[in-house]
Structure formats: structure tokens, C-alpha cells
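The block underneath contains the structure these notes are about, expressed in C-alpha cells.
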Amino acid sequence: MSFHPIEQAPARLNRSELAVPGSQPQMFEKAADSDVDVIFLDLEDAVAPDEKAQARKNIIKALNEIDWGKKSMSIRINGLDTHYMYRDVVDIVEQAERLDLIMIPKVGTAADVYAIDMLVTQIEEAKGYKKRIGFEHIIETALGMQNVHEIAAASKRNESMHFGVADYAASMRARTTVIGGVNENYAVLTDPDSEGKRETHWGDMWHYAISRMVVACRANGLRPIDGPFGDFSDPDGYRAAAYRAAVIGCEGKWAIHPSQIALANEVMSPSDDEIDRAQRIIKAMAEAEAAGKGAVSLDGRLIDYASIRQAEVLVEKAKQIADA
């Protein structure tokens, strides 16, 4: 391992994250009663300009009066390029202590993070708050992806990064109009077989972007979270997208509809078989270490100290879920 230590963000269960428009308070109680891990009350894209002020009031009232249980509560503020942003932060942070996180959209540079950090720090100090609000960043522009590593390291408040696929696609001028998922034109053809037939294999056009974000997160102790999947009538497509994200290291995925919460929790939770194997790996390595060995076989496969680290991640996640 490097001599440079990686400070981990505060442990927070983040398998599923539900988007709830701040302009639709009738949806708040249902969200509070759901099994989602994190809720972000939205002030940005889901709220029309003439509803921004009322949405803030709705969110303050909801954070103060609704029983949100053990859920982590976040707000998605408006962008730093708007005149709505400062009032989102000042009004809600000053008036709603139940807030755990602030989601910053379209983060482009480390300076964007610094600006919000300065504002939140001043409010916390003025109000005498003991709890430190964490930051979630949506990487959804070419500028943000270019600076993703600097953004990840920009503040001690940073906890997670999220891949905002729709705005990222627009920023990249990608030839797609769907939110998440795959595209039939992003594919490769096999060489012709003996009969001249060729197979088409679709690819994941977002693989590089999400992978790069995951690297930035893990190198800075943050949680990588996959963003929205727009077709909430396609549970199989959502589950497949979530599995792709989980395999490369994402801890959670957005739910833009309540029906997607259970899918995210399912995919982002280790299975009973995975937990059992992880526990057996830890036990087998403990026995090997006692015998003076650095590696041993289990179920016909080599395991070593790297296997322990992988197993411990799964076991720790299982404990987090059990305690939720």
C-alpha cells in the first residue's frame, strides 16, 4: 500500500437514492415510508423557475415536521450559475437541522465545491451546529469529468459522487435521447462465420465515464453512485444497469420512481451466498495465518490477503444493512 493514507467518508448506507421534487409535497410522506436509504429533495431540474421559492419552503417544513426515520436526507440545490443557489443553501441550512447532505449539480471545478463549502461552514458556525453537512456531487458535464479527481479532493465534506447520465450525454453531444441504458448503435460486429453470418454485441457507452468517476471516488474515500435510469417501466433494464455499475465498484443507484427502490436495494446488497463465502474466506485466511501461510486454497481457488480485503468489504456492507 502507498504511504499516503485514504481518509474514508463517513459510513452511510447508500444503496438506493430517491429523487423527490420539492414542488410536490404530496410525495414526501410516501418517500419517508419507503425502504430507500437516501432521499434528495430536489430544487433543481424537477422544479419550474416560478416554483423555486415555494419548493424551498416545502422542503424546510418537511425536514422539520416529517419523521424520516434513519434515512439520510439531502437537498439538490440549483446550479452555481443561477441566482437560486445561494438562497437554497442559506434558507434550508439555517432553518432545517435535519439535513444531512447537500447535492451539488453540474460540478465543474474544485472551486465550485470551495464556494459551497465556505457558505455552509459560515452558516454552521453562526448557528452553532454540531453536525457537519456532507456533500454529494453530480458529475454530469465534460468539464466535471475532466476535473473529477480535483473535485473529489476539494473538501472534507465530500461523501459521494453521482454520474448524471442525461446532462453528461448532452454535454458530450452524444447521439442519444434516453436517460441511462444502452444504445443499439454502440455495438461491435463479429467477423463473418463460415456461412457469412455475423453477431452484434451491444456495448455500454457509459462504461468509461462511470469507471473514471469510481476511480476518483475510491482514491479519495468517497462513495460512487450511479445515476438515473429513465424508463421506470423496464425493471430488467434498470437491474442490468445497476449490476453493471455495481460490478465496477458503485455502491448505489438513483431511483427516479418508487418502483426502482427495491431493485436498487436488491442489486447493491451482497447476496447470502456472497456473504457466506466472504465469511469463509476470512476464516480460512485466519487459519492460514496461524499456520504461517500467506495464501491458501478455498473451493479450488487461491485466496490471499487481497481476498481478505475483498471479503471484509462485503461483510461490512452486510452489517450496515442489518443495522439500518
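Note on naming: chains are A, B, ... as they come in the C-alpha cells, residues start from 1 per chain, ligands start from 1 in the order shown.
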Could you build a table of the residues in stretch 90-140 of chain A lying no more than 12 Å from stretch 213-235 of chain A, giving for each the nearest pair of atoms and their separation in Å rounded to one decimal place, using only C-alpha atoms, ordered by chain and ascending residue number, as CSV?
```
residue,atom,partner,partner_atom,distance
A:Pro105,CA,A:Gly227,CA,12.0
A:Gly134,CA,A:Leu222,CA,11.0
A:Phe135,CA,A:Leu222,CA,10.2
A:Glu136,CA,A:Arg223,CA,9.1
A:His137,CA,A:Ile225,CA,9.8
A:Ile138,CA,A:Gly227,CA,8.5
A:Ile139,CA,A:Met213,CA,7.9
A:Glu140,CA,A:Gly227,CA,9.7
```
Contacts of stretch 20-25 of chain A at 9 Å or less, counting only C-alpha atoms, minus same-chain residues fewer than 6 places along, as a PyMOL selection string? chain A and resi 31+39-48+51-52+54-59+62+75+256-257
Writing out the chosen residues with C-alpha atoms as a PDB file, in the first residue's frame:
```pdb
ATOM      1  CA  ALA A  31     -40.966   8.729   0.355  1.00  0.00           C
ATOM      2  CA  ILE A  39     -33.698  10.860  -0.232  1.00  0.00           C
ATOM      3  CA  PHE A  40     -32.792  14.019  -2.067  1.00  0.00           C
ATOM      4  CA  LEU A  41     -35.463  16.693  -2.141  1.00  0.00           C
ATOM      5  CA  ASP A  42     -34.968  18.420  -5.451  1.00  0.00           C
ATOM      6  CA  LEU A  43     -34.845  22.155  -6.108  1.00  0.00           C
ATOM      7  CA  GLU A  44     -33.155  21.960  -9.493  1.00  0.00           C
ATOM      8  CA  ASP A  45     -34.309  20.222 -12.682  1.00  0.00           C
ATOM      9  CA  ALA A  46     -37.618  18.905 -11.325  1.00  0.00           C
ATOM     10  CA  VAL A  47     -38.802  22.346 -10.195  1.00  0.00           C
ATOM     11  CA  ALA A  48     -40.010  25.083 -12.541  1.00  0.00           C
ATOM     12  CA  GLU A  51     -41.958  27.305  -8.122  1.00  0.00           C
ATOM     13  CA  LYS A  52     -38.424  27.520  -6.689  1.00  0.00           C
ATOM     14  CA  GLN A  54     -42.269  27.677  -2.649  1.00  0.00           C
ATOM     15  CA  ALA A  55     -40.291  24.447  -3.096  1.00  0.00           C
ATOM     16  CA  ARG A  56     -37.730  25.742  -0.569  1.00  0.00           C
ATOM     17  CA  LYS A  57     -40.497  26.416   1.936  1.00  0.00           C
ATOM     18  CA  ASN A  58     -41.970  22.954   1.311  1.00  0.00           C
ATOM     19  CA  ILE A  59     -38.603  21.329   1.964  1.00  0.00           C
ATOM     20  CA  ALA A  62     -40.909  18.706   5.556  1.00  0.00           C
ATOM     21  CA  ILE A  75     -31.284  18.539  -0.984  1.00  0.00           C
ATOM     22  CA  ILE A 256     -36.500   8.231 -10.035  1.00  0.00           C
ATOM     23  CA  HIS A 257     -39.635   6.195  -9.286  1.00  0.00           C
TER      24      HIS A 257
END
```
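Nearest residue to A:Leu63, choosing from A:Gln95, A:Gln146, A:Ser155, A:Asn14 and counting only C-alpha atoms: A:Gln95.
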Could you list, as number ranges by chain, every residue within 12 Å of stretch 195-208 of chain A, counting only C-alpha atoms and ignoring same-chain residues fewer than 3 positions away? A: 140, 145, 163-166, 168-169, 172, 174-176, 179-192, 211-215, 226-227, 240-241, 244-250
Sel. of helix (DSSP H, G or I) residues, stretch 78-316 of chain A, as a PyMOL selection string: chain A and resi 85-95+110-127+142-146+148-152+165-171+207-219+235-247+259-267+272-290+305-316
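Interatomic distance, atom CA of A:Ser74 against atom CA of A:Pro49: 20.3 Å.
The coordinates place atom CA of A:Tyr243 at 6.2 Å from atom CA of A:Val267.
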Show which residues sit within 10 Å of A:Ser34, as a VMD selection string. Count only C-alpha atoms, and ignore same-chain residues fewer than 2 positions away. chain A and resid 18 29 to 32 36 to 37 39 68 71 258 261 to 262
N, CA and C atoms of the current selection, written as an mmCIF file, in the first residue's frame:
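File selection.cif, as written:
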```cif
data_model
loop_
_atom_site.group_PDB
_atom_site.id
_atom_site.type_symbol
_atom_site.label_atom_id
_atom_site.label_comp_id
_atom_site.auth_asym_id
_atom_site.auth_seq_id
_atom_site.Cartn_x
_atom_site.Cartn_y
_atom_site.Cartn_z
ATOM 1 N N LEU A 18 -33.454 8.191 -3.685
ATOM 2 C CA LEU A 18 -34.710 8.569 -4.327
ATOM 3 C C LEU A 18 -34.784 10.061 -4.570
ATOM 4 N N GLU A 29 -44.442 12.187 2.270
ATOM 5 C CA GLU A 29 -44.767 11.146 3.253
ATOM 6 C C GLU A 29 -44.542 9.746 2.677
ATOM 7 N N LYS A 30 -44.919 9.563 1.433
ATOM 8 C CA LYS A 30 -44.709 8.261 0.786
ATOM 9 C C LYS A 30 -43.224 7.933 0.708
ATOM 10 N N ALA A 31 -42.413 8.942 0.402
ATOM 11 C CA ALA A 31 -40.966 8.729 0.355
ATOM 12 C C ALA A 31 -40.434 8.369 1.736
ATOM 13 N N ALA A 32 -40.936 9.050 2.766
ATOM 14 C CA ALA A 32 -40.488 8.776 4.138
ATOM 15 C C ALA A 32 -40.839 7.359 4.576
ATOM 16 N N VAL A 36 -36.080 3.263 0.995
ATOM 17 C CA VAL A 36 -34.912 3.873 0.373
ATOM 18 C C VAL A 36 -33.892 4.273 1.436
ATOM 19 N N ASP A 37 -32.627 4.286 1.065
ATOM 20 C CA ASP A 37 -31.559 4.654 2.008
ATOM 21 C C ASP A 37 -31.379 6.161 2.111
ATOM 22 N N ILE A 39 -32.724 10.073 0.533
ATOM 23 C CA ILE A 39 -33.698 10.860 -0.232
ATOM 24 C C ILE A 39 -33.084 12.220 -0.536
ATOM 25 N N TRP A 68 -38.503 11.122 9.218
ATOM 26 C CA TRP A 68 -37.788 10.468 8.122
ATOM 27 C C TRP A 68 -37.045 9.216 8.585
ATOM 28 N N LYS A 71 -33.315 7.459 7.540
ATOM 29 C CA LYS A 71 -32.894 7.831 6.189
ATOM 30 C C LYS A 71 -31.948 9.028 6.226
ATOM 31 N N PRO A 258 -40.603 5.224 -7.252
ATOM 32 C CA PRO A 258 -40.575 4.317 -6.090
ATOM 33 C C PRO A 258 -40.378 2.850 -6.439
ATOM 34 N N ILE A 261 -36.745 1.483 -6.118
ATOM 35 C CA ILE A 261 -36.052 1.408 -4.827
ATOM 36 C C ILE A 261 -35.673 -0.031 -4.494
ATOM 37 N N ALA A 262 -36.642 -0.942 -4.571
ATOM 38 C CA ALA A 262 -36.383 -2.342 -4.226
ATOM 39 C C ALA A 262 -35.340 -2.947 -5.154
#
```
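Once A:Ile308 and its same-chain neighbours fewer than 2 positions away are set aside, Ala278, Gln279, Arg280, Ile281, Ile282, Lys283, Ala284, Met285, Ala286, Ile303, Asp304, Tyr305, Ala306, Gln310, Ala311, Glu312 and Val313 of chain A remain within 10 Å of it when counting only C-alpha atoms.
Atom CA of A:Asn158 to atom CA of A:Ala322 spans 25.1 Å [interatomic distance, one decimal].
Scanning stretch 65-193 of chain A with DSSP on the backbone, the strand (DSSP E) assignments fall on Ser72, Met73, Ser74, Ile75, Arg76, Leu101, Ile102, Met103, Ile104, Gly134, Phe135, Glu136, His137, Ile138, Ile139, Asn158, Glu159, Ser160, Met161, His162, Phe163, Ala187, Val188 and Leu189 of chain A.
Nearest residue to A:Gly128 among A:Ala154, A:Val93, A:Ile210, A:Met268 is A:Val93, counting only C-alpha atoms.
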Go through A:Arg12, A:Arg87, A:Arg98, A:Lys127 and flag the residue nearest A:Asp67, using only C-alpha atoms for the distances. A:Arg98
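Ranking A:Ala324, A:Leu99, A:Val296, A:Ser171 by their shortest atom-to-atom distance to A:Met73, with only C-alpha atoms included, puts A:Leu99 first.
Considering only C-alpha atoms, the residue among A:Met118, A:Asp272, A:Asp35, A:Ile102 positioned nearest to A:Glu159 is A:Ile102.
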